[in-house]
Amino acid sequence: MTTAWQNWSGSQQHQSLSLDYPATEQEVQALLLRAAENRRQVRAIGSAHSFVPFWTDDHLLSLDRLKGLVSHDVDARQVRVWAGTKLHELGEPLWDLGLAMPNMGDIDRQSIAGAVGTGTHGTGVGLQNLSTQVVGLRLACADGTLLDLDAANNSELLRAAQVSMGTLGVMTQLTLQLIPAYYLHERNWQASVAECAAARTSLMADNRHWEFFWDPQSDSCAMKTLNMTTEEDPAAAGKGETIGRSYQVLPSSRETRFNEIEFSVPAEAGWECFLAVRALLQSRYPEVRWPLEYRTLKADDLLLSSASGRDSVTISAHQGAKHPYRDFFAALEDVFCDFGGRPHWGKVHTRQAAGLAAVLPQFTRFQAIRQNLDPEGRFLNPFLRGVFGVA
Ligand SMILES: Cc1cc2nc3c(=O)[nH]c(=O)nc-3n(C[C@H](O)[C@H](O)[C@H](O)COP(=O)(O)OP(=O)(O)OC[C@H]3O[C@@H](n4cnc5c(N)ncnc54)[C@H](O)[C@@H]3O)c2cc1C
């Protein structure tokens with residue numbers, strides 16, 4: 001069907017594009033073959049919660065009709081899911097199997113393929129991003145073939161596809177490595193920046209999850225920790241606390257629309273980078289009312305992960321969806337880059353191939369894999385051509 005379309009924040013708008021909702025893998029394959037014949041670009045969408053121009057005026061493909069569990073293996077703690085499944089549709093069926101995702105981000109509205117495809121993450125020094133939870137996936141390639149990837153079968157390609165922004169093909173199914181279902185105890189409190197600075201090392205080490213939101217107007221930090229608990233009764237939670245199932249406690253609801261930038265920096269540079277960003281807001285953007293979010297992320301070995309090969313701190317900034325954000329975010333990007341920052345792929349950034357290759361050790365390897373799998377750039381658009389340096 002031909003339709004007008006926009007992303008969650010409204011920053012990406014298309015007046016007229018064709019949008020298909022395949023209901024089977026065969027329909028995905030047929031759509032890709034037709035696109036190849038007609039020399040059209042194809043971009044997959046999940047929940048359109050990314051802030052960057054991932055999409056195209058040409059042809060979008062939504063997997064909203066390919067959702068739910070395909071199969072499960074409780075002993076191995078693995079499930080196979082359709083790629084269009086939303087995270088909030090996973091929590092309960094997994095719980096019924098006695099399983100849960102090891103970590104989640106701030107919300108659960110994303111599709112599993114979309115969240116995985118951009119390296120979506122939560123917080124916790126011992127916890128990696130959601131893409132690392134994938135131990136196998138099926139990719140519908142530009143020529144319509146289906147490629148099954150797992151650690152025993154094309155393991156490097158799997159590590160490339162796990163964070164690939166739809167540029168290697170359309171994921172149709174993913175196998176997730178899970179852990180036993182667990183309850184979380186969340187604690188929230190306010191701290192000054194000095195108090196946060198003094199406590200951060202122990203908070204990081206002593207809690208499964210620790211993060212804070214710095215409020216530029218009050219110059220104070222909304223601190224948050226979460227830890228596993230055997231307590232199952234929500235009524236046992238004290239003031240400023242929550243107890244519940246992991247998939248209910250981890251995500252929050254975000255009703256007010258915004259645009260967001262986020263970079264990851266080496267863990268040891270995180271605090272210094274935060275202070276530099278805070279100083280920038282205080283000196284040049286005192287009108288900004290949206291908080292900075294400071295989180296930790298464990299290193300992994302995925303080719304394009306923002307934590308590839310290094311333990312990281314991620315810092316994000318926001319601006320209301322109706323407000324201009326480009327100058328503000330450009331100034332932030334300069335600061336992040338001074339600290340060796342790597343962009344969150346789903347959030348606003350202007351990094352191009354040369355700069356990315358300098359901070360992501362496996363970037364050029366990914367470029368070669370992408371070129372080999374999709375030589376005609378069927379899954380690219382102008383924005384992604386810049387990212388991957390494709391003429
Ligand atoms: C309110 C809000 C809160 C957020 N919180 C966090 C957070 O806490 N942590 C964090 O890291 N990020 C966060 N994000 C960013 C968000 O998780 C990512 O942008 C994520 O990619 C969005 O998932 P989606 O399903 O909307 O995917 P989309 O934005 O629709 O797509 C993202 C990418 O995945 C590709 N893709 C989608 N489906 C497929 C498929 N089937 N096959 C191949 N490629 C596919 C798309 O082509 C695109 O390149 C947040 C965003 C918002 C708006």
# chains A, B, ... in the order shown; residues from 1 in each chain; ligands from 1

call {"tool": "residues_near_ligand", "arguments": {"ligand": "ligand 1", "cutoff": "6 Å", "atoms": "only C-alpha atoms and all ligand atoms", "output": "VMD selection string"}}
result
chain A and resid 43 to 50 54 63 83 105 to 107 110 to 111 113 to 115 117 to 118 120 to 122 165 to 166 169 to 172 254 346

call {"tool": "select_by_dssp", "arguments": {"residues": "range 76-316 of chain A", "states": "strand (DSSP E)", "output": "ChimeraX atom specification"}}
result
/A:78-82,99-100,134-140,146-150,170-177,179-180,183-192,209-215,220-229,241-245,258-266,292-297,312-316

call {"tool": "residues_around", "arguments": {"residues": "range 238-248 of chain A", "least_positions_apart": "4", "cutoff": "10 Å", "atoms": "only C-alpha atoms", "output": "PyMOL selection string"}}
result
chain A and resi 87-88+90-92+94-95+100-104+107-108+181-189+224-234+252

call {"tool": "write_last_selection", "arguments": {"atoms": "C-alpha atoms", "output": "short mmCIF file (atom, residue, chain, number, x, y, z; two decimals), in the first residue's frame"}}
result
data_model
loop_
_atom_site.label_atom_id
_atom_site.label_comp_id
_atom_site.auth_asym_id
_atom_site.auth_seq_id
_atom_site.Cartn_x
_atom_site.Cartn_y
_atom_site.Cartn_z
CA LEU A 87 9.66 -6.54 23.38
CA HIS A 88 6.52 -5.95 25.45
CA LEU A 90 7.82 -11.20 24.95
CA GLY A 91 7.92 -10.71 28.73
CA GLU A 92 4.88 -12.76 29.70
CA LEU A 94 8.96 -16.00 28.43
CA TRP A 95 7.95 -15.80 32.10
CA ALA A 100 13.63 -13.76 30.96
CA MET A 101 15.92 -11.44 29.04
CA PRO A 102 19.10 -10.67 31.04
CA ASN A 103 18.61 -6.95 30.50
CA MET A 104 16.41 -4.41 28.73
CA ILE A 107 11.28 1.05 27.13
CA ASP A 108 9.77 -2.11 25.66
CA ALA A 181 13.01 -15.64 35.24
CA TYR A 182 13.84 -13.18 38.02
CA TYR A 183 12.40 -10.44 40.18
CA LEU A 184 14.02 -7.01 40.50
CA HIS A 185 14.15 -4.53 43.35
CA GLU A 186 14.46 -0.94 42.12
CA ARG A 187 15.60 1.92 44.33
CA ASN A 188 15.48 5.63 43.42
CA TRP A 189 16.89 8.67 45.22
CA LYS A 224 18.60 4.40 40.25
CA THR A 225 19.76 0.90 41.14
CA LEU A 226 18.19 -2.46 40.40
CA ASN A 227 19.10 -5.82 41.85
CA MET A 228 17.73 -9.33 41.68
CA THR A 229 15.57 -10.27 44.65
CA THR A 230 13.83 -13.34 45.97
CA GLU A 231 11.07 -11.06 47.28
CA GLU A 232 8.04 -11.40 45.02
CA ASP A 233 5.58 -9.13 46.81
CA PRO A 234 5.41 -5.58 45.35
CA SER A 252 9.38 2.68 31.72
#

call {"tool": "atom_distance", "arguments": {"atom1": "CA of Arg289 in chain A", "atom2": "CA of Glu333 in chain A"}}
result
18.5 Å

call {"tool": "atom_distance", "arguments": {"atom1": "CA of Val348 in chain A", "atom2": "CA of Leu158 in chain A"}}
result
25.6 Å

call {"tool": "closest_residue", "arguments": {"among": "A:Ala267, A:Leu32, A:Val135, A:Leu332", "to": "Val116 in chain A", "atoms": "only C-alpha atoms"}}
result
A:Val135

call {"tool": "residues_around", "arguments": {"residues": "Arg342 in chain A", "least_positions_apart": "6", "cutoff": "10 Å", "atoms": "only C-alpha atoms", "output": "PyMOL selection string"}}
result
chain A and resi 262-266+304-308+312+314+333+336+349+351+355-356+358-360

call {"tool": "write_last_selection", "arguments": {"atoms": "N, CA and C atoms", "output": "PDB file, in the first residue's frame"}}
result
ATOM      1  N   GLU A 262      23.097   9.827  21.553  1.00  0.00           N
ATOM      2  CA  GLU A 262      23.823   9.059  22.583  1.00  0.00           C
ATOM      3  C   GLU A 262      25.134   8.567  21.990  1.00  0.00           C
ATOM      4  N   PHE A 263      26.189   8.727  22.744  1.00  0.00           N
ATOM      5  CA  PHE A 263      27.479   8.150  22.368  1.00  0.00           C
ATOM      6  C   PHE A 263      27.972   7.292  23.514  1.00  0.00           C
ATOM      7  N   SER A 264      28.765   6.265  23.164  1.00  0.00           N
ATOM      8  CA  SER A 264      29.442   5.478  24.203  1.00  0.00           C
ATOM      9  C   SER A 264      30.901   5.887  24.186  1.00  0.00           C
ATOM     10  N   VAL A 265      31.495   5.952  25.378  1.00  0.00           N
ATOM     11  CA  VAL A 265      32.923   6.303  25.497  1.00  0.00           C
ATOM     12  C   VAL A 265      33.581   5.219  26.348  1.00  0.00           C
ATOM     13  N   PRO A 266      34.908   5.102  26.301  1.00  0.00           N
ATOM     14  CA  PRO A 266      35.557   4.099  27.146  1.00  0.00           C
ATOM     15  C   PRO A 266      35.146   4.303  28.605  1.00  0.00           C
ATOM     16  N   LEU A 304      29.847  -4.202  14.941  1.00  0.00           N
ATOM     17  CA  LEU A 304      29.438  -2.795  14.986  1.00  0.00           C
ATOM     18  C   LEU A 304      28.865  -2.360  16.328  1.00  0.00           C
ATOM     19  N   SER A 305      28.981  -3.198  17.341  1.00  0.00           N
ATOM     20  CA  SER A 305      28.429  -2.794  18.643  1.00  0.00           C
ATOM     21  C   SER A 305      29.150  -1.562  19.165  1.00  0.00           C
ATOM     22  N   SER A 306      28.406  -0.676  19.825  1.00  0.00           N
ATOM     23  CA  SER A 306      29.046   0.519  20.396  1.00  0.00           C
ATOM     24  C   SER A 306      29.980   0.119  21.548  1.00  0.00           C
ATOM     25  N   ALA A 307      29.848  -1.110  22.048  1.00  0.00           N
ATOM     26  CA  ALA A 307      30.748  -1.589  23.110  1.00  0.00           C
ATOM     27  C   ALA A 307      31.703  -2.643  22.568  1.00  0.00           C
ATOM     28  N   SER A 308      31.907  -2.661  21.263  1.00  0.00           N
ATOM     29  CA  SER A 308      32.785  -3.663  20.664  1.00  0.00           C
ATOM     30  C   SER A 308      34.197  -3.540  21.246  1.00  0.00           C
ATOM     31  N   SER A 312      32.137   0.209  28.449  1.00  0.00           N
ATOM     32  CA  SER A 312      31.746   1.565  28.045  1.00  0.00           C
ATOM     33  C   SER A 312      30.829   2.229  29.057  1.00  0.00           C
ATOM     34  N   THR A 314      27.699   5.001  28.511  1.00  0.00           N
ATOM     35  CA  THR A 314      26.919   5.673  27.465  1.00  0.00           C
ATOM     36  C   THR A 314      26.278   6.910  28.076  1.00  0.00           C
ATOM     37  N   GLU A 333      28.079  16.214  19.995  1.00  0.00           N
ATOM     38  CA  GLU A 333      28.826  15.197  19.236  1.00  0.00           C
ATOM     39  C   GLU A 333      30.323  15.518  19.244  1.00  0.00           C
ATOM     40  N   PHE A 336      31.660  14.391  22.578  1.00  0.00           N
ATOM     41  CA  PHE A 336      31.748  12.918  22.642  1.00  0.00           C
ATOM     42  C   PHE A 336      32.946  12.420  21.818  1.00  0.00           C
ATOM     43  N   HIS A 349      23.115  11.205  14.953  1.00  0.00           N
ATOM     44  CA  HIS A 349      24.558  11.403  14.828  1.00  0.00           C
ATOM     45  C   HIS A 349      24.862  11.760  13.379  1.00  0.00           C
ATOM     46  N   ARG A 351      28.107  10.926  12.097  1.00  0.00           N
ATOM     47  CA  ARG A 351      29.389  10.248  11.821  1.00  0.00           C
ATOM     48  C   ARG A 351      29.380   9.619  10.435  1.00  0.00           C
ATOM     49  N   GLY A 355      35.483   8.458  10.022  1.00  0.00           N
ATOM     50  CA  GLY A 355      35.505   8.676  11.469  1.00  0.00           C
ATOM     51  C   GLY A 355      35.097   7.426  12.228  1.00  0.00           C
ATOM     52  N   LEU A 356      34.167   6.676  11.675  1.00  0.00           N
ATOM     53  CA  LEU A 356      33.701   5.461  12.350  1.00  0.00           C
ATOM     54  C   LEU A 356      34.788   4.399  12.355  1.00  0.00           C
ATOM     55  N   ALA A 358      37.816   4.867  12.562  1.00  0.00           N
ATOM     56  CA  ALA A 358      38.863   5.229  13.526  1.00  0.00           C
ATOM     57  C   ALA A 358      38.502   4.789  14.952  1.00  0.00           C
ATOM     58  N   VAL A 359      37.210   4.643  15.242  1.00  0.00           N
ATOM     59  CA  VAL A 359      36.829   4.293  16.629  1.00  0.00           C
ATOM     60  C   VAL A 359      36.260   2.882  16.765  1.00  0.00           C
ATOM     61  N   LEU A 360      35.890   2.272  15.643  1.00  0.00           N
ATOM     62  CA  LEU A 360      35.331   0.911  15.697  1.00  0.00           C
ATOM     63  C   LEU A 360      36.304  -0.039  14.998  1.00  0.00           C
TER      64      LEU A 360
END

call {"tool": "residues_around", "arguments": {"residues": "Leu203 in chain A", "least_positions_apart": "6", "cutoff": "12 Å", "atoms": "only C-alpha atoms", "output": "PDB file with C-alpha atoms, in the first residue's frame"}}
result
ATOM      1  CA  GLY A 124      24.932  -2.612  34.277  1.00  0.00           C
ATOM      2  CA  VAL A 125      28.718  -3.072  34.244  1.00  0.00           C
ATOM      3  CA  ARG A 187      15.598   1.922  44.333  1.00  0.00           C
ATOM      4  CA  GLU A 195      27.574  12.848  46.007  1.00  0.00           C
ATOM      5  CA  CYS A 196      27.165  10.978  42.723  1.00  0.00           C
ATOM      6  CA  ALA A 197      30.890  11.394  41.973  1.00  0.00           C
ATOM      7  CA  HIS A 209      22.190  -2.106  37.388  1.00  0.00           C
ATOM      8  CA  TRP A 210      23.104   1.472  38.225  1.00  0.00           C
ATOM      9  CA  GLU A 211      22.362   4.643  36.278  1.00  0.00           C
ATOM     10  CA  PHE A 212      21.482   8.261  36.818  1.00  0.00           C
ATOM     11  CA  MET A 223      19.913   7.872  40.950  1.00  0.00           C
ATOM     12  CA  LYS A 224      18.604   4.404  40.249  1.00  0.00           C
ATOM     13  CA  THR A 225      19.760   0.898  41.142  1.00  0.00           C
ATOM     14  CA  LEU A 226      18.191  -2.461  40.399  1.00  0.00           C
ATOM     15  CA  ASN A 227      19.101  -5.819  41.848  1.00  0.00           C
ATOM     16  CA  ARG A 295      24.673   4.211  31.912  1.00  0.00           C
ATOM     17  CA  THR A 296      27.288   1.462  31.832  1.00  0.00           C
TER      18      THR A 296
END

call {"tool": "select_by_dssp", "arguments": {"residues": "range 98-248 of chain A", "states": "helix (DSSP H, G or I)", "output": "JSON, numbers by chain"}}
result
{"A": [112, 113, 114, 115, 116, 117, 130, 131, 132, 133, 155, 156, 157, 158, 159, 160, 161, 193, 194, 195, 196, 197, 198, 199, 200, 201, 202, 203, 204, 205, 206, 234, 235, 236, 246, 247, 248]}

call {"tool": "write_last_selection", "arguments": {"atoms": "C-alpha atoms", "output": "PDB file, in the first residue's frame"}}
result
ATOM      1  CA  ILE A 112      13.171  -7.417  18.753  1.00  0.00           C
ATOM      2  CA  ALA A 113      14.822  -7.068  15.307  1.00  0.00           C
ATOM      3  CA  GLY A 114      14.886  -3.272  15.521  1.00  0.00           C
ATOM      4  CA  ALA A 115      16.265  -3.239  19.075  1.00  0.00           C
ATOM      5  CA  VAL A 116      18.918  -5.817  18.227  1.00  0.00           C
ATOM      6  CA  GLY A 117      19.776  -4.154  14.909  1.00  0.00           C
ATOM      7  CA  LEU A 130      20.427  -6.816  23.661  1.00  0.00           C
ATOM      8  CA  SER A 131      22.142  -7.803  20.396  1.00  0.00           C
ATOM      9  CA  THR A 132      24.437 -10.134  22.356  1.00  0.00           C
ATOM     10  CA  GLN A 133      21.389 -12.098  23.503  1.00  0.00           C
ATOM     11  CA  SER A 155      29.776 -17.134  13.222  1.00  0.00           C
ATOM     12  CA  GLU A 156      31.513 -14.004  11.889  1.00  0.00           C
ATOM     13  CA  LEU A 157      28.490 -13.205   9.744  1.00  0.00           C
ATOM     14  CA  LEU A 158      26.314 -13.649  12.821  1.00  0.00           C
ATOM     15  CA  ARG A 159      28.467 -11.161  14.759  1.00  0.00           C
ATOM     16  CA  ALA A 160      28.098  -8.748  11.849  1.00  0.00           C
ATOM     17  CA  ALA A 161      24.347  -9.233  11.460  1.00  0.00           C
ATOM     18  CA  VAL A 193      26.763  15.777  41.472  1.00  0.00           C
ATOM     19  CA  ALA A 194      29.435  15.665  44.212  1.00  0.00           C
ATOM     20  CA  GLU A 195      27.574  12.848  46.007  1.00  0.00           C
ATOM     21  CA  CYS A 196      27.165  10.978  42.723  1.00  0.00           C
ATOM     22  CA  ALA A 197      30.890  11.394  41.973  1.00  0.00           C
ATOM     23  CA  ALA A 198      31.860  10.044  45.383  1.00  0.00           C
ATOM     24  CA  ALA A 199      29.510   7.043  45.252  1.00  0.00           C
ATOM     25  CA  ARG A 200      29.688   6.073  41.577  1.00  0.00           C
ATOM     26  CA  THR A 201      32.493   3.496  41.733  1.00  0.00           C
ATOM     27  CA  SER A 202      30.887   1.499  44.523  1.00  0.00           C
ATOM     28  CA  LEU A 203      27.379   1.905  43.102  1.00  0.00           C
ATOM     29  CA  MET A 204      28.621   0.532  39.808  1.00  0.00           C
ATOM     30  CA  ALA A 205      30.379  -2.417  41.424  1.00  0.00           C
ATOM     31  CA  ASP A 206      27.779  -3.276  44.063  1.00  0.00           C
ATOM     32  CA  PRO A 234       5.414  -5.581  45.345  1.00  0.00           C
ATOM     33  CA  ALA A 235       4.028  -4.412  48.707  1.00  0.00           C
ATOM     34  CA  ALA A 236       7.400  -5.157  50.332  1.00  0.00           C
ATOM     35  CA  SER A 246      12.154  -8.074  35.525  1.00  0.00           C
ATOM     36  CA  TYR A 247      10.218  -7.356  32.322  1.00  0.00           C
ATOM     37  CA  GLN A 248       7.796  -5.147  34.254  1.00  0.00           C
TER      38      GLN A 248
END

call {"tool": "closest_residue", "arguments": {"among": "A:Tyr21, A:Phe388, A:Trp5, A:Tyr285", "to": "Asp327 in chain A", "atoms": "only C-alpha atoms"}}
result
A:Tyr285

call {"tool": "atom_distance", "arguments": {"atom1": "CA of Gln319 in chain A", "atom2": "CA of Ser62 in chain A"}}
result
27.6 Å

call {"tool": "residues_around", "arguments": {"residues": "Gln12 in chain A", "least_positions_apart": "3", "cutoff": "8 Å", "atoms": "only C-alpha atoms", "output": "list in words"}}
result
Gln6, Asn7, Ser9, Phe51, Val52 and Pro53 of chain A

call {"tool": "closest_residue", "arguments": {"among": "A:Ala35, A:Gly389, A:Val42, A:Ala368", "to": "Ala354 in chain A", "atoms": "only C-alpha atoms"}}
result
A:Gly389

call {"tool": "closest_residue", "arguments": {"among": "A:Ala279, A:Ala30, A:Leu174, A:Ala23", "to": "Asp64 in chain A", "atoms": "only C-alpha atoms"}}
result
A:Ala23
